[in-house]
$ cat final.tsv   # TSV, C-alpha atoms
chain	number	residue	atom	x	y	z
A	15	MET	CA	-37.54	-44.82	15.63
A	16	HIS	CA	-34.78	-46.40	17.68
A	17	LEU	CA	-32.99	-49.66	16.88
A	18	ARG	CA	-32.64	-51.21	20.35
A	19	ARG	CA	-31.17	-54.57	19.38
A	20	ILE	CA	-29.90	-56.28	16.25
A	21	THR	CA	-28.97	-59.95	15.95
A	22	LEU	CA	-27.17	-61.32	12.91
A	23	GLN	CA	-26.33	-64.86	11.86
A	24	HIS	CA	-24.25	-65.87	8.82
A	25	PHE	CA	-24.44	-62.37	7.35
A	26	ARG	CA	-21.36	-61.78	5.18
A	27	ASN	CA	-18.35	-62.20	7.53
A	28	ILE	CA	-20.46	-62.00	10.71
A	29	ALA	CA	-21.01	-65.56	11.93
A	30	PHE	CA	-23.07	-64.34	14.89
A	31	ALA	CA	-23.54	-61.04	16.67
A	32	ASP	CA	-26.14	-59.90	19.18
A	33	LEU	CA	-25.88	-56.16	19.88
A	34	THR	CA	-27.89	-54.11	22.34
A	35	LEU	CA	-27.80	-50.48	21.22
A	36	ASP	CA	-28.35	-48.18	24.19
A	37	GLY	CA	-28.80	-44.47	23.60
A	38	PRO	CA	-28.99	-42.57	20.31
A	39	ARG	CA	-25.35	-42.88	19.13
A	40	GLN	CA	-23.27	-45.96	18.40
A	41	PHE	CA	-19.78	-45.93	16.88
A	42	PHE	CA	-18.08	-49.00	15.36
A	43	PHE	CA	-14.36	-48.81	14.67
A	44	GLY	CA	-11.71	-51.17	13.32
A	45	THR	CA	-9.45	-51.67	10.34
A	46	ASN	CA	-10.92	-52.14	6.88
A	47	GLY	CA	-12.60	-55.42	6.02
A	48	GLN	CA	-13.60	-56.38	9.57
A	49	GLY	CA	-17.40	-56.10	9.24
A	50	LYS	CA	-18.29	-52.51	10.17
A	51	THR	CA	-20.04	-51.73	6.88
A	52	ASN	CA	-21.63	-55.19	6.90
A	53	LEU	CA	-23.42	-54.27	10.12
A	54	LEU	CA	-24.76	-51.03	8.64
A	55	GLU	CA	-25.79	-52.91	5.51
A	56	ALA	CA	-27.76	-55.36	7.64
A	57	ALA	CA	-29.39	-52.53	9.60
A	58	GLY	CA	-30.42	-50.80	6.37
A	59	LEU	CA	-32.27	-53.90	5.15
A	60	VAL	CA	-35.06	-53.18	7.64
A	61	THR	CA	-36.36	-50.36	5.42
A	62	ALA	CA	-37.13	-52.15	2.16
A	63	LEU	CA	-35.19	-55.46	2.26
A	64	ARG	CA	-32.69	-53.85	-0.10
A	65	SER	CA	-28.92	-53.63	0.41
A	66	PHE	CA	-27.26	-50.28	-0.26
A	67	ARG	CA	-24.25	-52.16	-1.68
A	68	THR	CA	-25.58	-54.94	-3.92
A	69	GLY	CA	-28.72	-56.22	-5.58
A	70	ASP	CA	-27.62	-59.86	-5.26
A	71	THR	CA	-28.96	-61.45	-2.08
A	72	ARG	CA	-26.54	-64.37	-2.41
A	73	LEU	CA	-23.62	-62.06	-1.64
A	74	LEU	CA	-25.13	-61.29	1.77
A	75	ILE	CA	-25.02	-64.92	2.91
A	76	ALA	CA	-21.79	-66.14	4.49
A	77	HIS	CA	-19.68	-68.41	2.33
A	78	GLY	CA	-20.70	-72.04	2.71
A	79	GLN	CA	-24.09	-71.20	4.30
A	80	HIS	CA	-27.55	-71.63	2.78
A	81	GLU	CA	-29.21	-68.72	4.53
A	82	ALA	CA	-28.62	-65.69	6.73
A	83	ALA	CA	-30.89	-64.06	9.31
A	84	ILE	CA	-31.23	-60.62	10.88
A	85	ALA	CA	-33.53	-59.88	13.81
A	86	PHE	CA	-34.40	-56.34	14.87
A	87	GLU	CA	-35.99	-55.03	18.03
A	88	LEU	CA	-37.21	-51.49	17.42
A	89	GLU	CA	-38.84	-48.82	19.51
A	90	HIS	CA	-41.32	-47.25	17.12
A	91	GLU	CA	-43.35	-44.04	17.29
A	92	ARG	CA	-46.52	-45.66	15.96
A	93	LEU	CA	-46.08	-49.39	16.60
A	94	GLY	CA	-44.40	-49.40	19.99
A	95	VAL	CA	-41.77	-52.09	20.59
A	96	THR	CA	-41.65	-54.11	17.38
A	97	ARG	CA	-39.71	-57.17	16.27
A	98	VAL	CA	-38.75	-57.71	12.64
A	99	VAL	CA	-36.98	-60.82	11.32
A	100	ILE	CA	-35.49	-61.06	7.82
A	101	THR	CA	-34.28	-64.41	6.51
A	102	LEU	CA	-32.17	-64.37	3.38
A	103	HIS	CA	-32.09	-67.42	1.11
A	104	THR	CA	-30.10	-67.97	-2.05
A	105	ASN	CA	-33.35	-67.60	-4.01
A	106	GLY	CA	-35.19	-64.91	-2.04
A	107	LYS	CA	-36.15	-63.42	1.31
A	108	ASP	CA	-38.67	-64.06	4.07
A	109	LEU	CA	-40.00	-61.34	6.37
A	110	THR	CA	-41.94	-61.41	9.61
A	111	CYS	CA	-43.12	-58.44	11.66
A	112	ASP	CA	-44.19	-59.19	15.24
A	113	GLY	CA	-44.50	-62.84	14.30
A	114	LYS	CA	-46.72	-62.26	11.26
A	115	HIS	CA	-45.44	-63.25	7.84
A	116	VAL	CA	-45.36	-60.32	5.39
A	117	THR	CA	-46.10	-61.38	1.82
A	118	ARG	CA	-46.45	-58.00	0.05
A	119	LEU	CA	-43.57	-55.54	0.26
A	120	GLY	CA	-46.04	-52.73	-0.42
A	121	ASP	CA	-47.73	-53.46	2.92
A	122	TYR	CA	-44.39	-53.03	4.69
A	123	LEU	CA	-42.80	-50.04	2.96
A	124	GLY	CA	-42.52	-46.83	4.94
A	125	ARG	CA	-42.66	-48.40	8.39
A	126	PHE	CA	-38.98	-48.52	9.32
A	127	PRO	CA	-36.98	-45.82	7.52
A	128	THR	CA	-33.18	-45.66	7.54
A	129	VAL	CA	-30.83	-43.29	5.70
A	130	VAL	CA	-27.29	-44.25	4.68
A	131	PHE	CA	-24.47	-41.67	4.57
A	132	SER	CA	-21.38	-42.82	2.70
A	133	ALA	CA	-18.21	-41.30	1.29
A	134	GLN	CA	-19.38	-42.66	-2.09
A	135	ASP	CA	-22.29	-40.21	-1.90
A	136	LEU	CA	-20.06	-37.62	-3.55
A	137	GLN	CA	-21.04	-39.28	-6.84
A	138	LEU	CA	-24.54	-37.94	-6.21
A	139	VAL	CA	-23.05	-34.50	-6.79
A	140	ARG	CA	-20.13	-35.17	-9.13
A	141	GLY	CA	-21.23	-38.21	-11.08
A	142	ALA	CA	-23.44	-39.09	-14.03
A	143	PRO	CA	-27.26	-38.85	-13.80
A	144	SER	CA	-27.77	-42.53	-12.90
A	145	PRO	CA	-26.75	-42.28	-9.18
A	146	ARG	CA	-29.00	-39.25	-8.67
A	147	ARG	CA	-31.88	-40.94	-10.47
A	148	ARG	CA	-31.41	-44.08	-8.38
A	149	TRP	CA	-31.32	-41.97	-5.20
A	150	LEU	CA	-34.61	-40.34	-6.15
A	151	ASP	CA	-36.18	-43.69	-7.07
A	152	LEU	CA	-35.15	-45.34	-3.80
A	153	THR	CA	-36.30	-42.35	-1.77
A	154	LEU	CA	-39.75	-42.25	-3.34
A	155	ALA	CA	-40.20	-46.03	-3.52
A	156	ALA	CA	-39.38	-46.44	0.19
A	157	MET	CA	-42.48	-44.38	1.07
A	158	ASP	CA	-44.83	-45.10	-1.87
A	159	ALA	CA	-45.82	-48.63	-2.89
A	160	ASP	CA	-47.50	-47.33	-6.06
A	161	TYR	CA	-44.25	-45.69	-7.11
A	162	LEU	CA	-42.35	-48.93	-6.53
A	163	THR	CA	-44.89	-50.86	-8.63
A	164	ALA	CA	-44.67	-48.33	-11.47
A	165	LEU	CA	-40.86	-48.39	-11.33
A	166	GLN	CA	-40.74	-52.19	-11.50
A	167	THR	CA	-43.31	-52.29	-14.33
A	168	TYR	CA	-41.46	-49.65	-16.31
A	169	HIS	CA	-38.10	-51.41	-16.13
A	170	ARG	CA	-39.60	-54.81	-17.00
A	171	ALA	CA	-41.36	-53.40	-20.05
A	172	LEU	CA	-38.28	-51.38	-21.00
A	173	ALA	CA	-36.06	-54.49	-20.85
A	174	GLU	CA	-38.48	-56.42	-23.06
A	175	ARG	CA	-38.73	-53.60	-25.60
A	176	ASN	CA	-34.95	-53.19	-25.71
A	177	SER	CA	-34.54	-56.92	-26.24
A	178	LEU	CA	-36.89	-56.75	-29.23
A	179	LEU	CA	-35.01	-53.74	-30.61
A	180	LYS	CA	-31.73	-55.66	-30.44
A	181	LEU	CA	-33.36	-58.54	-32.34
A	182	GLY	CA	-34.83	-56.21	-34.98
A	183	ARG	CA	-38.41	-57.33	-34.36
A	184	PRO	CA	-41.34	-55.63	-36.18
A	185	ASP	CA	-43.45	-52.72	-34.91
A	186	ASP	CA	-46.39	-54.83	-33.79
A	187	GLU	CA	-44.18	-56.68	-31.32
A	188	LEU	CA	-42.70	-53.44	-30.00
A	189	ALA	CA	-46.19	-52.00	-29.65
A	190	ALA	CA	-47.21	-54.84	-27.33
A	191	PHE	CA	-44.85	-53.55	-24.63
A	192	GLU	CA	-45.50	-49.84	-25.11
A	193	PRO	CA	-48.87	-49.48	-23.29
A	194	PRO	CA	-47.55	-50.72	-19.90
A	195	LEU	CA	-44.34	-48.78	-20.53
A	196	ALA	CA	-46.33	-45.60	-21.21
A	197	THR	CA	-48.63	-46.03	-18.21
A	198	ALA	CA	-45.71	-46.57	-15.86
A	199	ALA	CA	-43.78	-43.67	-17.44
A	200	ALA	CA	-46.69	-41.32	-16.75
A	201	THR	CA	-46.84	-42.40	-13.10
A	202	LEU	CA	-43.08	-42.01	-12.65
A	203	ALA	CA	-43.03	-38.59	-14.29
A	204	THR	CA	-45.87	-37.26	-12.13
A	205	LYS	CA	-44.59	-38.66	-8.86
A	206	ARG	CA	-40.98	-37.67	-9.52
A	207	ALA	CA	-41.97	-34.09	-10.24
A	208	ALA	CA	-44.02	-33.82	-7.05
A	209	GLY	CA	-41.47	-35.68	-4.94
A	210	ALA	CA	-38.60	-33.51	-6.17
A	211	VAL	CA	-40.46	-30.35	-5.16
A	212	GLU	CA	-40.97	-31.72	-1.65
A	213	LEU	CA	-37.36	-32.89	-1.40
A	214	ALA	CA	-36.06	-29.57	-2.71
A	215	ALA	CA	-37.48	-27.69	0.27
A	216	HIS	CA	-35.87	-30.11	2.74
A	217	PHE	CA	-32.62	-29.99	0.76
A	218	ALA	CA	-32.37	-26.20	0.86
A	219	THR	CA	-33.08	-26.12	4.60
A	220	ALA	CA	-30.48	-28.81	5.31
A	221	TYR	CA	-27.77	-27.17	3.21
A	222	LEU	CA	-28.25	-23.80	4.86
A	223	LYS	CA	-27.76	-25.48	8.25
A	224	LEU	CA	-24.52	-27.05	7.02
A	225	SER	CA	-23.07	-23.94	5.37
A	226	ASP	CA	-22.48	-20.35	6.32
A	227	GLY	CA	-25.38	-19.23	4.16
A	228	ALA	CA	-23.15	-17.59	1.56
A	229	GLU	CA	-24.81	-19.35	-1.38
A	230	THR	CA	-28.30	-20.51	-2.30
A	231	PRO	CA	-28.76	-24.22	-3.09
A	232	ALA	CA	-31.43	-25.72	-5.34
A	233	LEU	CA	-32.57	-29.18	-6.38
A	234	ARG	CA	-34.74	-29.65	-9.47
A	235	HIS	CA	-36.16	-32.64	-11.32
A	236	ALA	CA	-34.80	-32.56	-14.89
A	237	PRO	CA	-36.91	-34.95	-16.98
A	238	ASP	CA	-35.52	-36.34	-20.19
A	239	LEU	CA	-38.91	-35.71	-21.83
A	240	SER	CA	-42.15	-34.10	-20.74
A	241	ALA	CA	-45.44	-35.83	-21.48
A	242	ASP	CA	-48.73	-35.25	-19.73
A	243	ASP	CA	-50.27	-38.72	-19.52
A	244	ALA	CA	-50.01	-42.34	-20.66
A	245	LEU	CA	-51.41	-41.54	-24.11
A	246	ALA	CA	-48.78	-38.86	-24.65
A	247	TRP	CA	-46.04	-41.26	-23.55
A	248	ALA	CA	-47.37	-43.96	-25.89
A	249	THR	CA	-47.15	-41.45	-28.73
A	250	VAL	CA	-43.54	-40.66	-27.78
A	251	PHE	CA	-42.47	-44.31	-27.80
A	252	ALA	CA	-44.24	-44.99	-31.12
A	253	LYS	CA	-42.73	-41.89	-32.72
A	254	ASN	CA	-39.22	-42.84	-31.59
A	255	ARG	CA	-39.23	-46.39	-32.98
A	256	GLY	CA	-37.11	-45.45	-36.01
A	257	ARG	CA	-34.39	-43.85	-33.92
A	258	ASP	CA	-34.62	-46.60	-31.31
A	259	ARG	CA	-34.07	-49.19	-34.04
A	260	GLN	CA	-30.98	-47.31	-35.18
A	261	TYR	CA	-29.48	-47.37	-31.67
A	262	ARG	CA	-31.06	-50.74	-30.76
A	263	THR	CA	-32.31	-49.36	-27.47
A	264	THR	CA	-35.01	-47.03	-26.09
A	265	VAL	CA	-33.15	-43.74	-26.22
A	266	ALA	CA	-35.67	-41.51	-24.43
A	267	GLY	CA	-37.88	-41.80	-21.37
A	268	PRO	CA	-37.87	-41.57	-17.57
A	269	HIS	CA	-34.83	-43.89	-17.45
A	270	ARG	CA	-32.84	-40.86	-18.72
A	271	ASP	CA	-34.09	-38.35	-16.11
A	272	ASP	CA	-31.73	-36.40	-13.87
A	273	LEU	CA	-31.73	-34.21	-10.77
A	274	GLU	CA	-30.04	-30.83	-11.09
A	275	LEU	CA	-28.08	-29.58	-8.07
A	276	THR	CA	-27.09	-25.93	-8.21
A	277	LEU	CA	-25.52	-23.24	-6.06
A	278	ASP	CA	-26.54	-19.69	-6.93
A	279	GLY	CA	-27.94	-21.05	-10.19
A	280	ARG	CA	-24.71	-22.73	-11.32
A	281	ALA	CA	-24.20	-26.48	-11.67
A	282	ALA	CA	-22.68	-27.76	-8.42
A	283	ARG	CA	-20.81	-30.59	-10.15
A	284	ASP	CA	-18.90	-28.09	-12.30
A	285	PHE	CA	-18.55	-25.03	-10.09
A	286	GLY	CA	-18.88	-26.24	-6.48
A	287	SER	CA	-15.76	-26.38	-4.31
A	288	GLU	CA	-14.75	-29.59	-2.53
A	289	GLY	CA	-16.35	-28.35	0.69
A	290	GLN	CA	-19.51	-27.18	-1.04
A	291	GLN	CA	-19.92	-30.50	-2.81
A	292	ARG	CA	-19.54	-32.39	0.47
A	293	GLY	CA	-22.12	-30.08	2.01
A	294	LEU	CA	-24.53	-30.83	-0.83
A	295	MET	CA	-23.92	-34.55	-0.39
A	296	LEU	CA	-24.88	-34.35	3.29
A	297	ALA	CA	-27.84	-32.10	2.50
A	298	LEU	CA	-29.25	-34.72	0.12
A	299	ARG	CA	-29.18	-37.37	2.84
A	300	LEU	CA	-30.59	-35.04	5.50
A	301	ALA	CA	-33.35	-34.09	3.06
A	302	GLN	CA	-34.06	-37.77	2.55
A	303	ALA	CA	-34.32	-38.26	6.31
A	304	GLN	CA	-36.71	-35.33	6.69
A	305	PHE	CA	-38.77	-36.55	3.71
A	306	PHE	CA	-39.12	-39.96	5.37
A	307	ARG	CA	-40.08	-38.28	8.64
A	308	ALA	CA	-42.71	-36.12	6.95
A	309	ARG	CA	-44.19	-38.97	4.90
A	310	SER	CA	-44.21	-41.70	7.55
A	311	GLY	CA	-44.34	-39.88	10.87
A	312	VAL	CA	-41.31	-41.98	11.89
A	313	GLU	CA	-37.84	-40.62	12.65
A	314	PRO	CA	-35.34	-42.59	10.51
A	315	VAL	CA	-32.20	-44.21	11.89
A	316	LEU	CA	-29.07	-42.70	10.31
A	317	LEU	CA	-26.26	-45.02	9.14
A	318	ALA	CA	-22.98	-43.14	8.58
A	319	ASP	CA	-20.42	-45.35	6.86
A	320	ASP	CA	-16.85	-44.03	7.21
A	321	MET	CA	-17.70	-40.48	6.15
A	322	LEU	CA	-17.40	-38.30	9.25
A	323	GLY	CA	-13.61	-38.18	8.95
A	324	GLU	CA	-13.98	-36.68	5.46
A	325	LEU	CA	-15.44	-33.45	6.87
A	326	ASP	CA	-13.54	-30.48	8.21
A	327	SER	CA	-14.16	-29.48	11.82
A	328	ALA	CA	-16.61	-26.70	10.96
A	329	ARG	CA	-18.76	-28.96	8.79
A	330	ARG	CA	-18.69	-31.72	11.41
A	331	ARG	CA	-20.04	-29.29	14.02
A	332	ARG	CA	-22.76	-28.12	11.66
A	333	PHE	CA	-23.58	-31.70	10.76
A	334	TRP	CA	-24.21	-32.59	14.41
A	335	THR	CA	-26.34	-29.48	14.83
A	336	ALA	CA	-28.39	-30.46	11.78
A	337	VAL	CA	-28.80	-34.07	12.94
A	338	GLY	CA	-30.02	-33.00	16.37
A	339	THR	CA	-29.97	-35.03	19.57
A	340	GLU	CA	-33.01	-37.29	19.10
A	341	ARG	CA	-32.15	-39.17	15.91
A	342	GLN	CA	-30.29	-42.42	16.36
A	343	ILE	CA	-27.06	-42.68	14.37
A	344	LEU	CA	-24.81	-45.69	13.82
A	345	ALA	CA	-21.40	-44.61	12.53
A	346	THR	CA	-18.23	-46.40	11.43
A	347	SER	CA	-14.59	-45.48	10.97
A	348	THR	CA	-11.13	-47.02	11.17
A	349	GLN	CA	-10.42	-45.05	14.35
A	350	PRO	CA	-12.47	-44.20	17.46
A	351	PRO	CA	-14.16	-40.79	17.32
A	352	ASP	CA	-12.08	-37.85	18.47
A	353	SER	CA	-14.86	-35.28	18.17
A	354	GLY	CA	-18.61	-34.97	17.97
A	355	PRO	CA	-21.09	-36.07	20.65
A	356	ALA	CA	-19.68	-37.12	23.99
A	357	ASP	CA	-22.27	-39.87	24.46
A	358	TRP	CA	-21.03	-42.32	21.80
A	359	HIS	CA	-21.38	-45.97	22.71
A	360	LYS	CA	-18.31	-47.46	21.06
A	361	PHE	CA	-17.65	-50.96	19.72
A	362	SER	CA	-14.41	-52.32	18.34
A	363	VAL	CA	-14.80	-54.63	15.35
A	364	LYS	CA	-12.45	-57.39	14.29
A	365	ALA	CA	-13.15	-60.34	11.97
A	366	GLY	CA	-16.91	-59.97	12.36
A	367	VAL	CA	-16.79	-59.78	16.17
A	368	PHE	CA	-18.18	-56.72	17.98
A	369	LEU	CA	-16.88	-55.88	21.45
A	370	PRO	CA	-17.81	-52.86	23.58
A	371	ALA	CA	-14.92	-50.45	24.01
A	372	PRO	CA	-13.53	-50.61	27.57
A	373	ASP	CA	-15.12	-47.30	28.62
A	374	ASP	CA	-18.48	-48.05	27.07
A	375	ARG	CA	-21.74	-49.05	28.75
A	376	ALA	CA	-23.28	-50.77	25.70
A	377	GLN	CA	-23.60	-54.52	25.75
A	378	ALA	CA	-22.75	-57.05	23.07
A	379	ASN	CA	-22.52	-60.82	22.94
A	380	ARG	CA	-19.56	-62.55	21.43
A	381	PRO	CA	-20.12	-65.35	18.90
A	382	ALA	CA	-21.45	-68.51	20.45
$ encode --input "final.tsv" --output "structure tokens"
Amino acid sequence: MHLRRITLQHFRNIAFADLTLDGPRQFFFGTNGQGKTNLLEAAGLVTALRSFRTGDTRLLIAHGQHEAAIAFELEHERLGVTRVVITLHTNGKDLTCDGKHVTRLGDYLGRFPTVVFSAQDLQLVRGAPSPRRRWLDLTLAAMDADYLTALQTYHRALAERNSLLKLGRPDDELAAFEPPLATAAATLATKRAAGAVELAAHFATAYLKLSDGAETPALRHAPDLSADDALAWATVFAKNRGRDRQYRTTVAGPHRDDLELTLDGRAARDFGSEGQQRGLMLALRLAQAQFFRARSGVEPVLLADDMLGELDSARRRRFWTAVGTERQILATSTQPPDSGPADWHKFSVKAGVFLPAPDDRAQANRPA
């Protein structure tokens, strides 16, 4: 997939921008707070209408405006030249694809994959389980509408059950929310286990391309509990009611799962060097890209937010080798690139305005 043109109106600090993106590599540079990350955030919305920075749509709309809009023109492996328009309102979103209104997100998922690389991705290696679990959830949900439905059902039922636990409500009220919780838990457990196996193969391949091959990486789904089916999960939740009452929350279930990242069998968060951890971070995102490619048949667009400068020269070279020459990548930094591909199309960014660098062939329109 190739993002050929993106038009934004009233998106964060970008009043208006209309960018034609020629070639596979675009680089946006400028001081902090000018709108570089906002552009990548807008581009990433094409995948699942979800921001990689916030869950609150209202924050995406420029101050004083009632709505924002993003229009995409994409060259697609399966759909040909395609136009997608996303309109953001204070109370929701509207989506059209080639002029047709899309009402079910499940009908749209998997069509237009993007992968975000960010310096904050180090928390996927170093941090608590929640960022890794969220990464796995977003990866699987972007390609599997049934997984997304199960995830949404699970968290709704979990929130209701936890609310009852905080209020000290009786067992019969708790039991009312446990069947949908158990059914969704079984789906999540099964699909996470299978998805993690598939991702682990891509992850190992990507890391070996990024490293000198001196250590063996591994990724493994580490469930909080193992249960075979919905009935087994229902038994778990019923059995745990006493302990859950004590803590006033559901203490066990898929919402406590983790992903284990290891090098030569040792936990990467504890024993990996700075360079190794950065390599693992990149390998996770490259694995995600390859997973999307394998599942959808569509090459994802890569969005690299101010992270290339964090790599040493050897890892930057290996990163470009791993990315290849066909994938489109949109990258940002505070300074123009001083290494990497020679065919960057460069834009300077200031106060939400995008201008082609003087030596660049790409075209952009200034705000009207």
$ closest_residue --input "final.tsv" --among "A:Asn176, A:Ser362, A:Gln290, A:Thr167" --to "Ala199 of chain A" --atoms "only C-alpha atoms"
A:Thr167
$ residues_around --input "final.tsv" --residues "segment 237-249 of chain A" --least-positions-apart "5" --cutoff "7 Å" --atoms "all atoms listed in the file" --output "count of residues only"
12
$ residues_around --input "final.tsv" --residues "segment 152-156 of chain A" --least-positions-apart "5" --cutoff "6 Å" --atoms "only C-alpha atoms" --output "list in words"
Leu123, Gly124, Tyr161 and Leu162 of chain A
$ atom_distance --input "final.tsv" --atom1 "atom CA of Asn27 of chain A" --atom2 "atom CA of Asn52 of chain A"
7.8 Å
$ residues_around --input "final.tsv" --residues "Gly141 of chain A" --least-positions-apart "2" --cutoff "12 Å" --atoms "only C-alpha atoms" --output "NGL selection string"
:A and (134-139 or 143-147 or 272-275 or 282-284 or 291 or 295)
$ atom_distance --input "final.tsv" --atom1 "atom CA of Arg329 of chain A" --atom2 "atom CA of Thr219 of chain A"
15.2 Å
$ closest_residue --input "final.tsv" --among "A:Ala303, A:Val363, A:Leu22, A:Leu325" --to "Gln342 of chain A" --atoms "all atoms listed in the file"
A:Ala303
$ closest_residue --input "final.tsv" --among "A:Leu33, A:Leu181, A:Leu222, A:Val60" --to "Pro314 of chain A" --atoms "only C-alpha atoms"
A:Val60
